[in-house]
Amino acid sequence: LAATLHEAYGTHCYPIAADLARYEERERVVTALAPHAAQLAVLINNAGFGTHGYFHETNLERELELIAVNCAAPVHLTKRILPWMLARHEGYILNVASVSSFMPGPVMAIYYASKAFLLSFSEALHEEYRHRGIRVTALCPGPVRTEFQRTAGILGSARSSIASPMDAAPVAEAGLKALFAGKRVETPGLANKAVALAGRLLPRRWMLHWVRDIQEERRRQTRLATEGH
């Protein structure tokens with residue numbers, strides 16, 4: 001990927017492979033970045049994954065890894081890198097949350113909770129540092145055409161929400177545009193904006209039933225496909 005980006009745009013990329021579920025690996029990333037602290041202008045916390053299934057069925061170790069990657073890693077990297085930005089009185093932090101941030105998620109309980117954490121964390125930092133030259137934005141997309149569903153063990157064609165999946169490029173562009181404009185939260189796509197608004201305005205029990213219906217249908221479709229029916 002680094003070579004492809006260099007060929008296409010002439011930019012110089014320095015890939016660092018790391019398991020962000022592990023504290024020492026995150027520290028290794030920070031150590032590698034430290035010599036470039038004065039030039040580091042943007043931090044994008046994009047790594048994340050989901051699990052799918054009833055809570056008593058899902059794997060504990062995998063879900064603790066999910067919490068580490070989706071929650072601990074953004075906190076850890078932001079904690080280390082933010083002081084470099086504050087020293088220059090300028091910096092940009094984009095945390096990739098999800099439209100799932102706005103509601104609980106039966107049958108994906110830990111994933112939805114992790115994204116709610118990231119949204120709350122991002123909004124708090126936005127308020128803390130907006131007068132100190134630091135812009136913090138939470139990007140809350142709906143379904144995106146990535147390897148997310150496969151990683152979570154969900155059939156790619158299974159129902160996800162009322163919104164159709166978006167390509168990654170326009171989601172990334174919307175996130176960066178919002179970040180540089182100083183927006184607190186960005187939810188790309190009209191349908192996703194409607195879902196986010198519903199999550200904030202509709203009674204919680206309605207949202208719980210609605211999300212459970214969607215996730216149970218995804219689970220049913222995935223199991224049927226796996227079993228070859």
# chains A, B, ... in the order shown; residues from 1 in each chain; ligands from 1

$ residues_around --residues "stretch 15-31 of chain A" --least-positions-apart "5" --cutoff "9 Å" --atoms "only C-alpha atoms" --output "MDAnalysis selection string"
chainID A and resid 1:2 47 64:70 72:73 76:77 80:81

$ residues_around --residues "A:Val42" --least-positions-apart "3" --cutoff "7 Å" --atoms "only C-alpha atoms" --output "PDB file with all heavy atoms, in the first residue's frame"
ATOM      1  N   GLY A  91      -3.343  20.779  15.640  1.00  0.00           N
ATOM      2  CA  GLY A  91      -3.396  19.347  15.389  1.00  0.00           C
ATOM      3  C   GLY A  91      -4.810  18.911  15.069  1.00  0.00           C
ATOM      4  O   GLY A  91      -5.783  19.624  15.349  1.00  0.00           O
ATOM      5  N   TYR A  92      -4.908  17.725  14.481  1.00  0.00           N
ATOM      6  CA  TYR A  92      -6.205  17.191  14.051  1.00  0.00           C
ATOM      7  C   TYR A  92      -6.298  15.727  14.461  1.00  0.00           C
ATOM      8  O   TYR A  92      -5.383  14.944  14.185  1.00  0.00           O
ATOM      9  CB  TYR A  92      -6.350  17.297  12.533  1.00  0.00           C
ATOM     10  CG  TYR A  92      -6.234  18.708  11.998  1.00  0.00           C
ATOM     11  CD1 TYR A  92      -4.990  19.251  11.683  1.00  0.00           C
ATOM     12  CD2 TYR A  92      -7.361  19.492  11.809  1.00  0.00           C
ATOM     13  CE1 TYR A  92      -4.875  20.542  11.197  1.00  0.00           C
ATOM     14  CE2 TYR A  92      -7.269  20.790  11.323  1.00  0.00           C
ATOM     15  CZ  TYR A  92      -6.018  21.306  11.018  1.00  0.00           C
ATOM     16  OH  TYR A  92      -5.909  22.587  10.536  1.00  0.00           O
ATOM     17  N   ILE A  93      -7.414  15.369  15.104  1.00  0.00           N
ATOM     18  CA  ILE A  93      -7.631  13.991  15.537  1.00  0.00           C
ATOM     19  C   ILE A  93      -8.993  13.534  15.026  1.00  0.00           C
ATOM     20  O   ILE A  93     -10.021  14.133  15.380  1.00  0.00           O
ATOM     21  CB  ILE A  93      -7.564  13.862  17.071  1.00  0.00           C
ATOM     22  CG1 ILE A  93      -6.195  14.300  17.577  1.00  0.00           C
ATOM     23  CG2 ILE A  93      -7.857  12.419  17.499  1.00  0.00           C
ATOM     24  CD1 ILE A  93      -6.103  14.407  19.095  1.00  0.00           C
TER      25      ILE A  93
END

$ closest_residue --among "A:Leu33, A:Val96, A:Ala109, A:Ala138" --to "A:Val211" --atoms "only C-alpha atoms"
A:Ala109

$ residues_around --residues "A:Gln39" --least-positions-apart "4" --cutoff "12 Å" --atoms "only C-alpha atoms" --output "list of chain:residue names"
A:Leu33, A:Ala34, A:Pro35, A:Leu43, A:Ile81, A:Trp84, A:Met85, A:Ala87, A:Arg88, A:Glu90, A:Gly91

$ select_by_dssp --residues "stretch 19-117 of chain A" --states "strand (DSSP E)" --output "list in words"
Val42, Leu43, Ile44, Asn45, Gly91, Tyr92, Ile93, Leu94, Asn95 and Val96 of chain A

$ closest_residue --among "A:Ala168, A:Ala41, A:Ala198, A:Cys71" --to "A:Gly133" --atoms "only C-alpha atoms"
A:Ala41
